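> Mind looking over this structure? Questions follow.
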Amino acid sequence: MPYPDAALLNAPLTALTALAGAQGSGSGALPAVGLHLLTDPGADMTLNWSSPRGRLIEVTTTITAPGKWCVLRLDLDLPDLSACAGLGFWLRSAASPALVMQALIRSGTDDGHVDCVFERDILSHAAASDHTGMMLTDRTPDLPCHAPWRMFELLLPPYRPITLAIDALRLFPVPA
């Protein structure tokens with residue numbers, strides 16, 4: 001299998017950033033193929049987003065009844081990880097008030113899916129800050145080398161209102 005192309009992994013993120021001024025509300029697909037902002041249908045949550053110039057996305061939520069999940073999801077065309085040692089990501093974000101997020105890779109299996117959570121939580125606070133995460137295949141036994149589909153998910157707090165600015169997000173294959 002050829003080494004994964006980082007430009008293809010990040011194509012939906014690049015496409016949304018290029019749509020400066022795009023905005024919307026509610027749970028669903030964003031105007032870049034393969035990128036979604038989703039909320040638990042059981043929650044009573046108002047979700048607004050925009051993609052201003054120079055920033056990937058801004059997300060604001062208000063909560064009447066909390067949900068179990070809220071997620072920024074990126075579909076990955078990455079069925080085979082055998083040519084790389086793992087996957088990593090880089091995120092620049094800010095939030096006020098501060099919030100903690102988690103990132104994970106969801107991989108399809110014969111029985112459904114398996115989630116592999118990156119080891120470190122992501123802290124976003126008022127000043128923009130960078131966060132990196134890496135998941136190595138030889139240290140993550142639950143991460144299948146082959147999967148019919150994969151997703152990168154950024155888990156947002158579903159239990160309280162948030163104001164989050166994601167300036168940039170990039171995924172990258174880790175060289176073997």
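Convention: chains lettered A, B, ... in structure tokens order; per-chain residue numbering from 1; ligands numbered from 1 as shown.
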With a distance cut-off of 12 Å and only C-alpha atoms, select the neighbouring residues of Pro175 (chain A), excluding the residue or stretch itself and same-chain residues fewer than 4 positions from it, and output the selection as a list in words.

Pro2, Tyr3, Pro4, Asp5, Ala6, Leu81, Ser82, Ala83, Cys84, Ala85, Gly86, Leu87, Gly88, Met134, Met135, Leu136 and Thr137 of chain A

> Please build the interface table for region 116-160 of chain A against region 27-43 of chain A with a cut-off of 12 Å, listing for each qualifying residue the nearest atom pair and the distance in Å to one decimal; count only C-alpha atoms, order rows by chain and increasing number, and write it as a Markdown table.


| residue | atom | partner | partner_atom | distance |
| --- | --- | --- | --- | --- |
| A:Trp149 | CA | A:Gly34 | CA | 11.9 |
| A:Arg150 | CA | A:Gly34 | CA | 11.1 |
| A:Met151 | CA | A:Gly34 | CA | 9.2 |
| A:Phe152 | CA | A:Leu35 | CA | 9.8 |
| A:Glu153 | CA | A:His36 | CA | 9.5 |
| A:Leu154 | CA | A:Leu37 | CA | 9.6 |
| A:Leu155 | CA | A:Leu38 | CA | 9.9 |
| A:Leu156 | CA | A:Thr39 | CA | 9.4 |
| A:Pro157 | CA | A:Thr39 | CA | 10.2 |
| A:Pro158 | CA | A:Thr39 | CA | 7.7 |
| A:Tyr159 | CA | A:Ala43 | CA | 9.0 |
| A:Arg160 | CA | A:Ala43 | CA | 11.2 |

> Compare A:Pro52, A:Gln23, A:Leu13, A:Ser124 by their minimum atom-to-atom distance to Pro97 (chain A), counting only C-alpha atoms, and give me the closest one.

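Ranked by minimum distance to Pro97 (chain A), first place goes to A:Ser124.
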
> Just list the residues in region 4-167 of chain A DSSP gives strand (DSSP E or B) on the backbone, as a tab-separated table (two decimals) with N, CA and C atoms, in the first residue's frame.


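Saved as selection.tsv:
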chain	number	residue	atom	x	y	z
A	22	ALA	N	-18.52	31.13	5.13
A	22	ALA	CA	-19.57	30.12	5.23
A	22	ALA	C	-20.06	30.06	6.67
A	23	GLN	N	-21.36	29.81	6.84
A	23	GLN	CA	-21.92	29.69	8.19
A	23	GLN	C	-23.19	28.86	8.14
A	24	GLY	N	-23.59	28.39	9.30
A	24	GLY	CA	-24.80	27.59	9.37
A	24	GLY	C	-25.18	27.29	10.81
A	25	SER	N	-26.22	26.49	10.95
A	25	SER	CA	-26.66	26.10	12.28
A	25	SER	C	-27.20	24.68	12.21
A	28	GLY	N	-25.15	18.39	11.36
A	28	GLY	CA	-25.14	17.81	10.03
A	28	GLY	C	-23.84	18.04	9.30
A	29	ALA	N	-23.90	17.82	8.00
A	29	ALA	CA	-22.72	17.96	7.15
A	29	ALA	C	-22.38	19.44	6.98
A	35	LEU	N	-16.77	16.37	5.98
A	35	LEU	CA	-16.63	17.09	7.25
A	35	LEU	C	-18.02	17.32	7.82
A	36	HIS	N	-18.20	16.96	9.11
A	36	HIS	CA	-19.51	17.03	9.75
A	36	HIS	C	-19.38	17.62	11.15
A	37	LEU	N	-20.40	18.34	11.59
A	37	LEU	CA	-20.52	18.81	12.96
A	37	LEU	C	-21.83	18.23	13.46
A	38	LEU	N	-21.75	17.31	14.41
A	38	LEU	CA	-22.91	16.51	14.80
A	38	LEU	C	-23.16	16.59	16.30
A	39	THR	N	-24.45	16.51	16.66
A	39	THR	CA	-24.83	16.50	18.07
A	39	THR	C	-25.75	15.31	18.34
A	44	ASP	N	-31.07	18.79	23.78
A	44	ASP	CA	-31.72	20.03	23.36
A	44	ASP	C	-30.61	21.07	23.32
A	45	MET	N	-29.99	21.17	22.16
A	45	MET	CA	-28.78	21.97	21.98
A	45	MET	C	-28.91	22.81	20.72
A	46	THR	N	-28.56	24.09	20.84
A	46	THR	CA	-28.49	24.95	19.66
A	46	THR	C	-27.03	25.03	19.25
A	47	LEU	N	-26.77	24.80	17.98
A	47	LEU	CA	-25.40	24.76	17.48
A	47	LEU	C	-25.30	25.72	16.30
A	48	ASN	N	-24.36	26.65	16.39
A	48	ASN	CA	-24.09	27.58	15.29
A	48	ASN	C	-22.61	27.48	14.94
A	49	TRP	N	-22.31	27.61	13.66
A	49	TRP	CA	-20.91	27.55	13.21
A	49	TRP	C	-20.69	28.57	12.10
A	50	SER	N	-19.44	28.95	11.97
A	50	SER	CA	-19.03	29.82	10.86
A	50	SER	C	-17.58	29.50	10.53
A	51	SER	N	-17.19	29.88	9.33
A	51	SER	CA	-15.81	29.67	8.89
A	51	SER	C	-15.26	31.01	8.38
A	57	ILE	N	-12.94	26.95	11.67
A	57	ILE	CA	-14.34	26.98	12.09
A	57	ILE	C	-14.46	27.60	13.48
A	58	GLU	N	-15.56	28.28	13.70
A	58	GLU	CA	-15.96	28.74	15.02
A	58	GLU	C	-17.27	28.05	15.35
A	59	VAL	N	-17.38	27.53	16.57
A	59	VAL	CA	-18.56	26.79	16.99
A	59	VAL	C	-19.08	27.41	18.28
A	60	THR	N	-20.39	27.66	18.32
A	60	THR	CA	-21.03	28.16	19.54
A	60	THR	C	-22.24	27.27	19.81
A	61	THR	N	-22.35	26.81	21.06
A	61	THR	CA	-23.52	26.02	21.43
A	61	THR	C	-24.20	26.64	22.64
A	62	THR	N	-25.49	26.44	22.72
A	62	THR	CA	-26.26	26.72	23.94
A	62	THR	C	-26.97	25.41	24.28
A	63	ILE	N	-27.10	25.16	25.55
A	63	ILE	CA	-27.63	23.87	26.01
A	63	ILE	C	-28.87	24.10	26.87
A	64	THR	N	-29.98	23.48	26.49
A	64	THR	CA	-31.16	23.45	27.35
A	64	THR	C	-31.19	22.13	28.10
A	65	ALA	N	-30.94	21.04	27.38
A	65	ALA	CA	-30.81	19.71	27.98
A	65	ALA	C	-29.56	19.06	27.39
A	70	CYS	N	-21.13	15.49	21.21
A	70	CYS	CA	-21.09	16.55	20.21
A	70	CYS	C	-19.72	16.39	19.55
A	71	VAL	N	-19.67	16.34	18.22
A	71	VAL	CA	-18.43	15.94	17.57
A	71	VAL	C	-18.20	16.69	16.25
A	72	LEU	N	-16.95	17.05	16.02
A	72	LEU	CA	-16.50	17.49	14.70
A	72	LEU	C	-15.84	16.26	14.08
A	73	ARG	N	-16.39	15.80	12.95
A	73	ARG	CA	-15.96	14.53	12.35
A	73	ARG	C	-15.37	14.78	10.96
A	74	LEU	N	-14.24	14.13	10.71
A	74	LEU	CA	-13.58	14.17	9.41
A	74	LEU	C	-13.48	12.74	8.88
A	75	ASP	N	-14.15	12.46	7.76
A	75	ASP	CA	-14.04	11.15	7.12
A	75	ASP	C	-12.64	11.00	6.54
A	76	LEU	N	-12.02	9.85	6.76
A	76	LEU	CA	-10.66	9.60	6.28
A	76	LEU	C	-10.67	8.50	5.22
A	80	ASP	N	-5.94	1.45	4.76
A	80	ASP	CA	-4.75	0.64	5.03
A	80	ASP	C	-3.67	1.49	5.69
A	84	CYS	N	2.50	3.09	7.10
A	84	CYS	CA	2.94	4.13	8.05
A	84	CYS	C	2.95	3.57	9.47
A	85	ALA	N	3.60	4.28	10.36
A	85	ALA	CA	3.71	3.84	11.75
A	85	ALA	C	2.53	4.28	12.59
A	86	GLY	N	1.69	5.16	12.04
A	86	GLY	CA	0.53	5.64	12.77
A	86	GLY	C	-0.01	6.92	12.18
A	87	LEU	N	-0.83	7.61	12.97
A	87	LEU	CA	-1.44	8.87	12.55
A	87	LEU	C	-1.22	9.92	13.62
A	88	GLY	N	-1.11	11.15	13.18
A	88	GLY	CA	-0.98	12.26	14.12
A	88	GLY	C	-1.86	13.42	13.69
A	89	PHE	N	-2.02	14.39	14.59
A	89	PHE	CA	-2.76	15.59	14.25
A	89	PHE	C	-2.15	16.79	14.94
A	90	TRP	N	-2.40	17.95	14.37
A	90	TRP	CA	-2.00	19.24	14.93
A	90	TRP	C	-3.25	20.12	14.94
A	91	LEU	N	-3.50	20.77	16.07
A	91	LEU	CA	-4.69	21.60	16.25
A	91	LEU	C	-4.28	22.91	16.89
A	92	ARG	N	-4.79	24.01	16.35
A	92	ARG	CA	-4.65	25.33	17.00
A	92	ARG	C	-6.06	25.79	17.31
A	93	SER	N	-6.32	26.03	18.61
A	93	SER	CA	-7.68	26.40	19.01
A	93	SER	C	-7.66	27.37	20.18
A	94	ALA	N	-8.81	27.98	20.40
A	94	ALA	CA	-9.04	28.86	21.54
A	94	ALA	C	-10.49	28.70	21.96
A	95	ALA	N	-10.76	28.86	23.25
A	95	ALA	CA	-12.12	28.77	23.76
A	95	ALA	C	-12.26	29.66	24.98
A	99	LEU	N	-12.05	24.93	27.81
A	99	LEU	CA	-12.72	23.63	27.73
A	99	LEU	C	-11.71	22.55	27.39
A	100	VAL	N	-12.11	21.32	27.69
A	100	VAL	CA	-11.29	20.14	27.42
A	100	VAL	C	-12.00	19.31	26.35
A	101	MET	N	-11.23	18.87	25.36
A	101	MET	CA	-11.74	18.02	24.29
A	101	MET	C	-10.90	16.76	24.21
A	102	GLN	N	-11.43	15.77	23.53
A	102	GLN	CA	-10.68	14.56	23.22
A	102	GLN	C	-10.72	14.34	21.72
A	103	ALA	N	-9.70	13.66	21.21
A	103	ALA	CA	-9.65	13.28	19.80
A	103	ALA	C	-9.55	11.77	19.71
A	104	LEU	N	-10.13	11.20	18.66
A	104	LEU	CA	-10.06	9.76	18.48
A	104	LEU	C	-10.09	9.41	17.00
A	105	ILE	N	-9.67	8.19	16.73
A	105	ILE	CA	-9.81	7.59	15.40
A	105	ILE	C	-10.85	6.49	15.54
A	106	ARG	N	-11.89	6.57	14.73
A	106	ARG	CA	-12.93	5.53	14.68
A	106	ARG	C	-12.69	4.73	13.40
A	107	SER	N	-12.57	3.41	13.56
A	107	SER	CA	-12.31	2.52	12.42
A	107	SER	C	-13.44	1.51	12.29
A	108	GLY	N	-13.90	1.29	11.06
A	108	GLY	CA	-14.94	0.31	10.81
A	108	GLY	C	-14.40	-1.11	11.00
A	109	THR	N	-15.26	-1.98	11.52
A	109	THR	CA	-14.93	-3.40	11.71
A	109	THR	C	-16.09	-4.25	11.20
A	112	GLY	N	-19.02	-3.54	13.52
A	112	GLY	CA	-19.43	-2.15	13.75
A	112	GLY	C	-18.25	-1.21	13.64
A	113	HIS	N	-17.69	-0.85	14.80
A	113	HIS	CA	-16.53	0.04	14.79
A	113	HIS	C	-15.76	-0.08	16.10
A	114	VAL	N	-14.53	0.43	16.07
A	114	VAL	CA	-13.70	0.51	17.27
A	114	VAL	C	-13.16	1.93	17.35
A	115	ASP	N	-13.20	2.49	18.57
A	115	ASP	CA	-12.68	3.84	18.82
A	115	ASP	C	-11.34	3.75	19.53
A	116	CYS	N	-10.36	4.50	19.03
A	116	CYS	CA	-9.05	4.59	19.67
A	116	CYS	C	-8.83	6.06	20.01
A	117	VAL	N	-8.81	6.36	21.30
A	117	VAL	CA	-8.70	7.73	21.78
A	117	VAL	C	-7.22	8.10	21.90
A	122	ILE	N	-7.15	17.59	25.12
A	122	ILE	CA	-6.83	18.88	24.50
A	122	ILE	C	-7.45	19.97	25.35
A	123	LEU	N	-6.64	20.89	25.83
A	123	LEU	CA	-7.13	22.03	26.60
A	123	LEU	C	-7.12	23.26	25.70
A	124	SER	N	-8.28	23.86	25.52
A	124	SER	CA	-8.38	25.12	24.78
A	124	SER	C	-8.79	26.19	25.77
A	129	SER	N	-3.81	28.26	21.28
A	129	SER	CA	-2.67	27.41	21.61
A	129	SER	C	-2.67	26.20	20.69
A	130	ASP	N	-1.50	25.58	20.58
A	130	ASP	CA	-1.32	24.42	19.71
A	130	ASP	C	-1.36	23.13	20.52
A	131	HIS	N	-1.84	22.09	19.89
A	131	HIS	CA	-1.86	20.77	20.50
A	131	HIS	C	-1.51	19.76	19.40
A	132	THR	N	-0.70	18.79	19.75
A	132	THR	CA	-0.41	17.70	18.82
A	132	THR	C	-0.71	16.37	19.49
A	133	GLY	N	-1.07	15.42	18.69
A	133	GLY	CA	-1.32	14.08	19.19
A	133	GLY	C	-0.83	13.08	18.17
A	134	MET	N	-0.40	11.92	18.65
A	134	MET	CA	0.10	10.89	17.75
A	134	MET	C	-0.38	9.53	18.27
A	135	MET	N	-0.78	8.69	17.35
A	135	MET	CA	-1.21	7.34	17.68
A	135	MET	C	-0.38	6.38	16.83
A	136	LEU	N	0.45	5.58	17.49
A	136	LEU	CA	1.31	4.63	16.78
A	136	LEU	C	0.64	3.27	16.73
A	146	HIS	N	-6.08	-2.55	8.83
A	146	HIS	CA	-6.99	-2.46	7.69
A	146	HIS	C	-8.40	-2.23	8.21
A	150	ARG	N	-12.61	4.94	8.05
A	150	ARG	CA	-12.07	5.56	9.26
A	150	ARG	C	-12.55	7.00	9.35
A	151	MET	N	-12.56	7.50	10.59
A	151	MET	CA	-12.91	8.88	10.86
A	151	MET	C	-12.00	9.43	11.94
A	152	PHE	N	-11.68	10.71	11.84
A	152	PHE	CA	-11.06	11.44	12.94
A	152	PHE	C	-12.18	12.21	13.60
A	153	GLU	N	-12.29	12.11	14.92
A	153	GLU	CA	-13.34	12.82	15.64
A	153	GLU	C	-12.74	13.67	16.75
A	154	LEU	N	-13.23	14.88	16.83
A	154	LEU	CA	-12.89	15.80	17.90
A	154	LEU	C	-14.14	15.93	18.75
A	155	LEU	N	-14.06	15.41	19.98
A	155	LEU	CA	-15.22	15.37	20.87
A	155	LEU	C	-15.32	16.67	21.65
A	162	ILE	N	-20.56	26.21	24.76
A	162	ILE	CA	-19.17	26.44	24.37
A	162	ILE	C	-19.08	27.53	23.32
A	163	THR	N	-17.95	28.19	23.31
A	163	THR	CA	-17.54	29.08	22.23
A	163	THR	C	-16.12	28.67	21.89
A	164	LEU	N	-15.96	28.04	20.74
A	164	LEU	CA	-14.69	27.44	20.34
A	164	LEU	C	-14.27	27.96	18.98
A	165	ALA	N	-13.02	28.35	18.86
A	165	ALA	CA	-12.44	28.76	17.58
A	165	ALA	C	-11.33	27.78	17.23
A	166	ILE	N	-11.46	27.11	16.11
A	166	ILE	CA	-10.40	26.23	15.61
A	166	ILE	C	-9.74	26.95	14.45
A	167	ASP	N	-8.55	27.47	14.70
A	167	ASP	CA	-7.82	28.18	13.65
A	167	ASP	C	-7.32	27.22	12.58

> Could you tell me how far CA of Pro144 (chain A) sits from CA of Asp111 (chain A), in Å to one decimal place?

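A separation of 12.8 Å between them.
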
> Among chain A, which residues does DSSP mark as helix (DSSP H, G or I) when it is run on the backbone? Keep the chain and numbering as in the structure and answer as a list of chain:residue names.

A:Ala6, A:Ala7, A:Leu8, A:Leu9, A:Ala11, A:Pro12, A:Leu13, A:Thr14, A:Ala15, A:Leu16, A:Thr17, A:Ala18, A:Thr137, A:Asp138, A:Arg139

> What does the structure give for the distance between CA of Leu78 (chain A) and CA of Leu19 (chain A), in Å to one decimal?

24.8 Å

> Go through A:Ser96, A:Asp121, A:Pro79, A:Ala126 and flag the residue nearest Leu143 (chain A), using only C-alpha atoms for the distances.

A:Pro79

> Record the distance separating CA of Lys68 (chain A) and CA of Pro161 (chain A), expressed in Å with one decimal.

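Result for CA of Lys68 (chain A) versus CA of Pro161 (chain A): 13.6 Å, one decimal.
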